[in-house]
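Asker: Contents of model-v6.pdb (PDB, C-alpha atoms and all ligand atoms) are given next:
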ATOM      1  CA  MET O   1     -36.204   7.142  -7.876  1.00  0.00           C
ATOM      2  CA  ASN O   2     -33.144   9.027  -9.127  1.00  0.00           C
ATOM      3  CA  SER O   3     -30.138   7.563 -10.948  1.00  0.00           C
ATOM      4  CA  ARG O   4     -28.044   7.358  -7.779  1.00  0.00           C
ATOM      5  CA  THR O   5     -30.755   5.332  -6.064  1.00  0.00           C
ATOM      6  CA  LYS O   6     -30.407   2.739  -8.794  1.00  0.00           C
ATOM      7  CA  ASN O   7     -27.082   1.476  -7.501  1.00  0.00           C
ATOM      8  CA  ARG O   8     -28.391   0.800  -3.992  1.00  0.00           C
ATOM      9  CA  ILE O   9     -30.692  -2.162  -3.510  1.00  0.00           C
ATOM     10  CA  ALA O  10     -32.450  -2.839  -0.228  1.00  0.00           C
ATOM     11  CA  LEU O  11     -33.945  -6.247   0.504  1.00  0.00           C
ATOM     12  CA  ILE O  12     -36.889  -6.366   2.863  1.00  0.00           C
ATOM     13  CA  GLY O  13     -39.223  -9.143   3.969  1.00  0.00           C
ATOM     14  CA  PHE O  14     -40.231 -11.356   6.843  1.00  0.00           C
ATOM     15  CA  MET O  15     -37.786 -13.523   8.786  1.00  0.00           C
ATOM     16  CA  GLY O  16     -36.749 -16.493   6.669  1.00  0.00           C
ATOM     17  CA  SER O  17     -37.395 -14.791   3.336  1.00  0.00           C
ATOM     18  CA  GLY O  18     -33.716 -15.254   2.430  1.00  0.00           C
ATOM     19  CA  LYS O  19     -32.601 -11.612   2.447  1.00  0.00           C
ATOM     20  CA  SER O  20     -29.053 -12.268   3.672  1.00  0.00           C
ATOM     21  CA  THR O  21     -28.341 -15.391   1.626  1.00  0.00           C
ATOM     22  CA  ILE O  22     -29.789 -13.908  -1.561  1.00  0.00           C
ATOM     23  CA  GLY O  23     -28.246 -10.516  -0.875  1.00  0.00           C
ATOM     24  CA  LYS O  24     -24.781 -12.071  -0.637  1.00  0.00           C
ATOM     25  CA  GLN O  25     -25.248 -13.984  -3.914  1.00  0.00           C
ATOM     26  CA  LEU O  26     -26.546 -10.914  -5.710  1.00  0.00           C
ATOM     27  CA  ALA O  27     -23.706  -8.774  -4.399  1.00  0.00           C
ATOM     28  CA  THR O  28     -21.187 -11.294  -5.771  1.00  0.00           C
ATOM     29  CA  LEU O  29     -23.042 -11.454  -9.089  1.00  0.00           C
ATOM     30  CA  MET O  30     -23.093  -7.674  -9.442  1.00  0.00           C
ATOM     31  CA  ASP O  31     -19.745  -6.990  -7.799  1.00  0.00           C
ATOM     32  CA  TYR O  32     -21.529  -4.819  -5.225  1.00  0.00           C
ATOM     33  CA  LYS O  33     -20.783  -4.454  -1.529  1.00  0.00           C
ATOM     34  CA  PHE O  34     -23.008  -6.508   0.772  1.00  0.00           C
ATOM     35  CA  ILE O  35     -24.340  -4.798   3.902  1.00  0.00           C
ATOM     36  CA  ASP O  36     -26.281  -6.718   6.527  1.00  0.00           C
ATOM     37  CA  ILE O  37     -27.910  -4.374   9.041  1.00  0.00           C
ATOM     38  CA  ASP O  38     -28.240  -7.086  11.722  1.00  0.00           C
ATOM     39  CA  GLU O  39     -24.581  -8.005  11.283  1.00  0.00           C
ATOM     40  CA  ARG O  40     -23.520  -4.360  11.640  1.00  0.00           C
ATOM     41  CA  ILE O  41     -25.560  -4.051  14.841  1.00  0.00           C
ATOM     42  CA  THR O  42     -24.005  -7.215  16.254  1.00  0.00           C
ATOM     43  CA  LYS O  43     -20.483  -6.020  15.397  1.00  0.00           C
ATOM     44  CA  SER O  44     -20.901  -2.486  16.722  1.00  0.00           C
ATOM     45  CA  GLU O  45     -22.532  -3.623  19.987  1.00  0.00           C
ATOM     46  CA  CYS O  46     -20.286  -6.695  20.382  1.00  0.00           C
ATOM     47  CA  ILE O  47     -23.325  -8.720  21.414  1.00  0.00           C
ATOM     48  CA  ASN O  48     -25.766 -10.938  19.553  1.00  0.00           C
ATOM     49  CA  ILE O  49     -29.323  -9.900  18.691  1.00  0.00           C
ATOM     50  CA  PRO O  50     -31.168 -12.223  21.119  1.00  0.00           C
ATOM     51  CA  ASP O  51     -29.055 -10.727  23.938  1.00  0.00           C
ATOM     52  CA  ILE O  52     -29.771  -7.148  22.811  1.00  0.00           C
ATOM     53  CA  PHE O  53     -33.504  -7.931  22.992  1.00  0.00           C
ATOM     54  CA  ARG O  54     -33.115  -9.653  26.350  1.00  0.00           C
ATOM     55  CA  ILE O  55     -30.889  -7.084  28.055  1.00  0.00           C
ATOM     56  CA  ALA O  56     -31.792  -3.755  26.457  1.00  0.00           C
ATOM     57  CA  GLY O  57     -35.213  -4.510  24.958  1.00  0.00           C
ATOM     58  CA  GLU O  58     -36.741  -4.341  21.494  1.00  0.00           C
ATOM     59  CA  SER O  59     -37.048  -0.551  21.387  1.00  0.00           C
ATOM     60  CA  TYR O  60     -33.297  -0.177  21.894  1.00  0.00           C
ATOM     61  CA  PHE O  61     -32.727  -2.671  19.075  1.00  0.00           C
ATOM     62  CA  ARG O  62     -35.069  -0.635  16.831  1.00  0.00           C
ATOM     63  CA  GLN O  63     -33.062   2.539  17.526  1.00  0.00           C
ATOM     64  CA  LEU O  64     -29.851   0.759  16.525  1.00  0.00           C
ATOM     65  CA  GLU O  65     -31.547  -0.595  13.416  1.00  0.00           C
ATOM     66  CA  SER O  66     -32.599   2.905  12.301  1.00  0.00           C
ATOM     67  CA  THR O  67     -29.135   4.332  12.973  1.00  0.00           C
ATOM     68  CA  HIS O  68     -27.406   1.635  10.943  1.00  0.00           C
ATOM     69  CA  LEU O  69     -29.920   2.003   8.122  1.00  0.00           C
ATOM     70  CA  LYS O  70     -29.167   5.744   7.947  1.00  0.00           C
ATOM     71  CA  HIS O  71     -25.459   4.948   7.531  1.00  0.00           C
ATOM     72  CA  ALA O  72     -26.016   2.136   5.044  1.00  0.00           C
ATOM     73  CA  VAL O  73     -28.072   4.244   2.631  1.00  0.00           C
ATOM     74  CA  GLN O  74     -25.189   6.672   2.301  1.00  0.00           C
ATOM     75  CA  GLU O  75     -23.131   3.999   0.560  1.00  0.00           C
ATOM     76  CA  ASP O  76     -23.164   3.343  -3.177  1.00  0.00           C
ATOM     77  CA  HIS O  77     -23.076   0.160  -5.256  1.00  0.00           C
ATOM     78  CA  CYS O  78     -24.396  -1.931  -2.423  1.00  0.00           C
ATOM     79  CA  ILE O  79     -27.017  -4.508  -1.507  1.00  0.00           C
ATOM     80  CA  ILE O  80     -28.534  -3.870   1.913  1.00  0.00           C
ATOM     81  CA  SER O  81     -30.153  -6.748   3.753  1.00  0.00           C
ATOM     82  CA  CYS O  82     -32.622  -5.329   6.298  1.00  0.00           C
ATOM     83  CA  GLY O  83     -34.032  -7.111   9.346  1.00  0.00           C
ATOM     84  CA  GLY O  84     -37.667  -8.192   9.018  1.00  0.00           C
ATOM     85  CA  GLY O  85     -38.852  -5.417  11.319  1.00  0.00           C
ATOM     86  CA  ILE O  86     -37.253  -2.498   9.469  1.00  0.00           C
ATOM     87  CA  ILE O  87     -40.733  -1.440   8.294  1.00  0.00           C
ATOM     88  CA  GLU O  88     -41.901  -0.967  11.897  1.00  0.00           C
ATOM     89  CA  SER O  89     -40.703   2.633  11.665  1.00  0.00           C
ATOM     90  CA  GLU O  90     -42.299   5.200   9.327  1.00  0.00           C
ATOM     91  CA  GLU O  91     -38.989   7.025   9.200  1.00  0.00           C
ATOM     92  CA  ASN O  92     -37.215   3.893   7.958  1.00  0.00           C
ATOM     93  CA  ILE O  93     -39.918   3.337   5.329  1.00  0.00           C
ATOM     94  CA  LYS O  94     -39.531   6.872   3.990  1.00  0.00           C
ATOM     95  CA  LEU O  95     -35.758   6.634   3.953  1.00  0.00           C
ATOM     96  CA  LEU O  96     -35.757   3.304   2.144  1.00  0.00           C
ATOM     97  CA  LYS O  97     -38.210   4.465  -0.519  1.00  0.00           C
ATOM     98  CA  GLU O  98     -36.252   7.639  -1.177  1.00  0.00           C
ATOM     99  CA  THR O  99     -32.756   6.211  -1.264  1.00  0.00           C
ATOM    100  CA  SER O 100     -32.924   2.669  -2.601  1.00  0.00           C
ATOM    101  CA  GLN O 101     -34.515   0.262  -5.009  1.00  0.00           C
ATOM    102  CA  VAL O 102     -36.515  -1.701  -2.482  1.00  0.00           C
ATOM    103  CA  VAL O 103     -37.238  -5.340  -3.195  1.00  0.00           C
ATOM    104  CA  TRP O 104     -39.668  -7.310  -1.055  1.00  0.00           C
ATOM    105  CA  LEU O 105     -38.733 -10.978  -0.827  1.00  0.00           C
ATOM    106  CA  ARG O 106     -42.091 -12.418   0.055  1.00  0.00           C
ATOM    107  CA  CYS O 107     -42.552 -15.739   1.810  1.00  0.00           C
ATOM    108  CA  GLY O 108     -45.580 -17.404   3.347  1.00  0.00           C
ATOM    109  CA  LEU O 109     -45.967 -18.388   6.965  1.00  0.00           C
ATOM    110  CA  GLN O 110     -45.306 -22.107   6.442  1.00  0.00           C
ATOM    111  CA  THR O 111     -42.114 -21.401   4.495  1.00  0.00           C
ATOM    112  CA  MET O 112     -40.922 -19.010   7.159  1.00  0.00           C
ATOM    113  CA  LEU O 113     -41.521 -21.541   9.943  1.00  0.00           C
ATOM    114  CA  ILE O 114     -39.681 -24.289   8.042  1.00  0.00           C
ATOM    115  CA  ARG O 115     -36.739 -22.025   7.194  1.00  0.00           C
ATOM    116  CA  CYS O 116     -36.478 -20.606  10.731  1.00  0.00           C
ATOM    117  CA  LYS O 117     -36.947 -23.888  12.645  1.00  0.00           C
ATOM    118  CA  GLY O 118     -34.533 -24.040  15.563  1.00  0.00           C
ATOM    119  CA  SER O 119     -33.508 -20.414  15.109  1.00  0.00           C
ATOM    120  CA  ASP O 120     -32.722 -18.207  18.108  1.00  0.00           C
ATOM    121  CA  ARG O 121     -34.560 -15.193  16.645  1.00  0.00           C
ATOM    122  CA  PRO O 122     -36.039 -13.391  19.651  1.00  0.00           C
ATOM    123  CA  LEU O 123     -39.425 -12.851  18.036  1.00  0.00           C
ATOM    124  CA  LEU O 124     -39.871 -16.597  17.510  1.00  0.00           C
ATOM    125  CA  GLN O 125     -39.354 -17.559  21.136  1.00  0.00           C
ATOM    126  CA  GLU O 126     -43.072 -17.203  21.911  1.00  0.00           C
ATOM    127  CA  GLU O 127     -44.944 -20.180  23.354  1.00  0.00           C
ATOM    128  CA  ASN O 128     -46.994 -20.522  20.190  1.00  0.00           C
ATOM    129  CA  PRO O 129     -44.793 -19.084  17.405  1.00  0.00           C
ATOM    130  CA  TYR O 130     -47.257 -20.116  14.663  1.00  0.00           C
ATOM    131  CA  ASP O 131     -50.197 -17.971  15.891  1.00  0.00           C
ATOM    132  CA  TRP O 132     -47.938 -15.185  16.895  1.00  0.00           C
ATOM    133  CA  ALA O 133     -46.022 -15.092  13.586  1.00  0.00           C
ATOM    134  CA  ARG O 134     -49.309 -15.291  11.632  1.00  0.00           C
ATOM    135  CA  GLN O 135     -50.569 -12.129  13.317  1.00  0.00           C
ATOM    136  CA  LEU O 136     -47.273 -10.324  12.868  1.00  0.00           C
ATOM    137  CA  LEU O 137     -47.062 -11.313   9.200  1.00  0.00           C
ATOM    138  CA  GLU O 138     -50.627 -10.083   8.612  1.00  0.00           C
ATOM    139  CA  ILE O 139     -49.747  -6.693  10.060  1.00  0.00           C
ATOM    140  CA  ARG O 140     -46.435  -6.437   8.225  1.00  0.00           C
ATOM    141  CA  GLU O 141     -47.466  -7.599   4.732  1.00  0.00           C
ATOM    142  CA  GLY O 142     -49.138  -4.259   3.984  1.00  0.00           C
ATOM    143  CA  LYS O 143     -46.061  -2.391   5.143  1.00  0.00           C
ATOM    144  CA  TYR O 144     -43.712  -4.477   3.001  1.00  0.00           C
ATOM    145  CA  ALA O 145     -46.023  -3.856   0.051  1.00  0.00           C
ATOM    146  CA  THR O 146     -46.098  -0.071   0.421  1.00  0.00           C
ATOM    147  CA  THR O 147     -42.359   0.191   1.090  1.00  0.00           C
ATOM    148  CA  SER O 148     -41.192  -1.896  -1.874  1.00  0.00           C
ATOM    149  CA  HIS O 149     -40.749  -1.007  -5.534  1.00  0.00           C
ATOM    150  CA  TYR O 150     -40.590  -4.696  -6.549  1.00  0.00           C
ATOM    151  CA  ARG O 151     -41.782  -7.962  -5.124  1.00  0.00           C
ATOM    152  CA  ILE O 152     -40.472 -11.492  -5.608  1.00  0.00           C
ATOM    153  CA  ASP O 153     -42.347 -14.528  -4.290  1.00  0.00           C
ATOM    154  CA  THR O 154     -39.767 -16.856  -2.793  1.00  0.00           C
ATOM    155  CA  ASP O 155     -41.931 -19.819  -1.728  1.00  0.00           C
ATOM    156  CA  SER O 156     -40.812 -23.062  -3.395  1.00  0.00           C
ATOM    157  CA  LYS O 157     -37.927 -21.407  -5.258  1.00  0.00           C
ATOM    158  CA  SER O 158     -34.243 -22.145  -4.779  1.00  0.00           C
ATOM    159  CA  ILE O 159     -31.778 -19.474  -3.679  1.00  0.00           C
ATOM    160  CA  THR O 160     -30.198 -19.483  -7.148  1.00  0.00           C
ATOM    161  CA  GLU O 161     -33.614 -19.097  -8.847  1.00  0.00           C
ATOM    162  CA  ILE O 162     -34.471 -16.153  -6.624  1.00  0.00           C
ATOM    163  CA  SER O 163     -31.063 -14.494  -7.100  1.00  0.00           C
ATOM    164  CA  ASN O 164     -31.334 -14.824 -10.877  1.00  0.00           C
ATOM    165  CA  GLU O 165     -34.888 -13.422 -10.872  1.00  0.00           C
ATOM    166  CA  LEU O 166     -33.726 -10.531  -8.770  1.00  0.00           C
ATOM    167  CA  TYR O 167     -30.694  -9.901 -10.980  1.00  0.00           C
ATOM    168  CA  LYS O 168     -32.906  -9.678 -14.098  1.00  0.00           C
ATOM    169  CA  LEU O 169     -35.344  -7.405 -12.284  1.00  0.00           C
ATOM    170  CA  ILE O 170     -32.602  -5.010 -11.231  1.00  0.00           C
ATOM    171  CA  LEU O 171     -30.969  -4.950 -14.654  1.00  0.00           C
ATOM    172  CA  GLY O 172     -34.306  -4.485 -16.438  1.00  0.00           C
TER     173      GLY O 172
HETATM  174  C1  LIG X 201     -36.598  -9.173  13.277  1.00  0.00           C
HETATM  175  C2  LIG X 201     -35.942  -9.903  12.312  1.00  0.00           C
HETATM  176  C3  LIG X 201     -34.535 -10.322  12.434  1.00  0.00           C
HETATM  177  C4  LIG X 201     -33.781  -9.390  13.390  1.00  0.00           C
HETATM  178  C5  LIG X 201     -34.511  -9.268  14.691  1.00  0.00           C
HETATM  179  C6  LIG X 201     -35.912  -8.684  14.513  1.00  0.00           C
HETATM  180  C7  LIG X 201     -38.019  -8.806  13.061  1.00  0.00           C
HETATM  181  O1  LIG X 201     -33.889 -10.298  11.161  1.00  0.00           O
HETATM  182  O2  LIG X 201     -33.594  -8.129  12.817  1.00  0.00           O
HETATM  183  O3  LIG X 201     -34.563 -10.533  15.281  1.00  0.00           O
HETATM  184  O4  LIG X 201     -38.517  -7.894  13.740  1.00  0.00           O
HETATM  185  O5  LIG X 201     -38.663  -9.428  12.192  1.00  0.00           O
HETATM  186  P1  LIG X 201     -34.227 -11.329   9.973  1.00  0.00           P
HETATM  187  O6  LIG X 201     -35.428 -10.806   9.242  1.00  0.00           O
HETATM  188  O7  LIG X 201     -33.006 -11.306   9.115  1.00  0.00           O
HETATM  189  O8  LIG X 201     -34.474 -12.655  10.595  1.00  0.00           O
END
Before anything else, please render the file you have as structure tokens.
Ligand code: S3P
Answerer:
Amino acid sequence: MNSRTKNRIALIGFMGSGKSTIGKQLATLMDYKFIDIDERITKSECINIPDIFRIAGESYFRQLESTHLKHAVQEDHCIISCGGGIIESEENIKLLKETSQVVWLRCGLQTMLIRCKGSDRPLLQEENPYDWARQLLEIREGKYATTSHYRIDTDSKSITEISNELYKLILG
């Protein structure tokens, strides 16, 4: 990690791990710019994420995600909140590791299901979201682990507790 990388922090983790909420708080705390990849996709396509999945398919969404990540990592003094599936691409993993301090906000399956209850996230629209999410989380945990430089367990912690822990981690 070089000195330039230090002023770019990327948050990764499963749906419901709090990346956007915590990212916004941390950005305010550090006076950094907040970048949300999903939000950028929604703005540039003028359509919401469930509709992108429905109309154009997941692979199109993944292409957009990679493109917006490439742009985001060219910015300095920023916190980047990545969608939960950013680690589905080896190219994204490499880019993140090389350009940013990557923090994995880890949450368990139960926490994720509670936090995402009633959400319109396309990947949670399965008939049995519990079994499906369990399998996906199992596959992804290893990828989050190898992509990240730091890990914070978010289960049973408040947003403020997590933001403060993250702030100390980054400063240290
Ligand atoms: C996805 C997570 C979502 C969003 C899209 C795909 C995933 O973001 O990018 O629905 O593959 O896990 P959040 O992690 O912010 O929910």
Asker: Take the PyMOL selection byres (((chain O and resi 16) around 8) and not hetatm), apply it to the structure above, and return the hits as a PyMOL selection string.
Answerer: chain O and resi 14-15+17-19+107+111-113+115-116
Asker: Check every protein, DNA and RNA residue against ligand LIG 201 (chain X), keep those with an atom at most 9 Å away (counting all atoms listed in the file), and present them as a short mmCIF file (atom, residue, chain, number, x, y, z; two decimals) with C-alpha atoms, in the frame of the given file.
Answerer:
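File part_4.cif, as written:
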data_model
loop_
_atom_site.label_atom_id
_atom_site.label_comp_id
_atom_site.auth_asym_id
_atom_site.auth_seq_id
_atom_site.Cartn_x
_atom_site.Cartn_y
_atom_site.Cartn_z
CA ILE O 12 -36.89 -6.37 2.86
CA GLY O 13 -39.22 -9.14 3.97
CA PHE O 14 -40.23 -11.36 6.84
CA MET O 15 -37.79 -13.52 8.79
CA GLY O 16 -36.75 -16.49 6.67
CA SER O 17 -37.40 -14.79 3.34
CA GLY O 18 -33.72 -15.25 2.43
CA LYS O 19 -32.60 -11.61 2.45
CA SER O 20 -29.05 -12.27 3.67
CA ASP O 36 -26.28 -6.72 6.53
CA ILE O 37 -27.91 -4.37 9.04
CA ASP O 38 -28.24 -7.09 11.72
CA ILE O 49 -29.32 -9.90 18.69
CA PRO O 50 -31.17 -12.22 21.12
CA PHE O 53 -33.50 -7.93 22.99
CA GLU O 58 -36.74 -4.34 21.49
CA PHE O 61 -32.73 -2.67 19.08
CA ARG O 62 -35.07 -0.64 16.83
CA GLU O 65 -31.55 -0.60 13.42
CA SER O 81 -30.15 -6.75 3.75
CA CYS O 82 -32.62 -5.33 6.30
CA GLY O 83 -34.03 -7.11 9.35
CA GLY O 84 -37.67 -8.19 9.02
CA GLY O 85 -38.85 -5.42 11.32
CA ILE O 86 -37.25 -2.50 9.47
CA ILE O 87 -40.73 -1.44 8.29
CA GLU O 88 -41.90 -0.97 11.90
CA CYS O 116 -36.48 -20.61 10.73
CA ASP O 120 -32.72 -18.21 18.11
CA ARG O 121 -34.56 -15.19 16.64
CA PRO O 122 -36.04 -13.39 19.65
CA LEU O 123 -39.42 -12.85 18.04
CA LEU O 124 -39.87 -16.60 17.51
CA LEU O 136 -47.27 -10.32 12.87
#
Asker: Applied to the shown file, which residues does the PyMOL selection byres (((chain O and resi 8) around 9) and not hetatm) return, written as an MDAnalysis selection string?
Answerer: chainID O and resid 4:7 9:10 32 73 75:80 99:102
Asker: For CA of Ala72 in chain O and CA of Leu95 in chain O, quote the distance in Å rounded to one decimal.
Answerer: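 Atom-to-atom, CA of Ala72 in chain O and CA of Leu95 in chain O are spaced 10.8 Å apart.
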Asker: Could you work out how far CA of Arg106 in chain O lies from CA of Ser119 in chain O, giving the answer in Å with one decimal?
Answerer: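 Between these atoms lies a distance of 19.1 Å.
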Asker: Looking at all atoms listed in the file, which of O:Leu105, O:Leu26, O:Ile170, O:Ile93 is the one that sits closest to Lys143 in chain O?
Answerer: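 Ranking O:Leu105, O:Leu26, O:Ile170, O:Ile93 by distance to Lys143 in chain O, first place goes to O:Ile93.
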Asker: Quick one: of O:Leu64, O:Thr28, O:Leu137, O:His71, who's nearest to Asn164 in chain O, counting all atoms listed in the file?
Answerer: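 Using all atoms listed in the file, Asn164 in chain O sits closest to O:Thr28.
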Asker: If I take CA of Leu11 in chain O and CA of Ser163 in chain O, how far is one from the other in Å, to one decimal?
Answerer: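 Separation between CA of Leu11 in chain O and CA of Ser163 in chain O: 11.6 Å.
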Asker: Counting only C-alpha atoms, which residue out of O:Trp104, O:Ile162, O:Met30, O:Gln25 sits closest to Arg140 in chain O?
Answerer: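 Of all the options, O:Trp104 lies closest to Arg140 in chain O.
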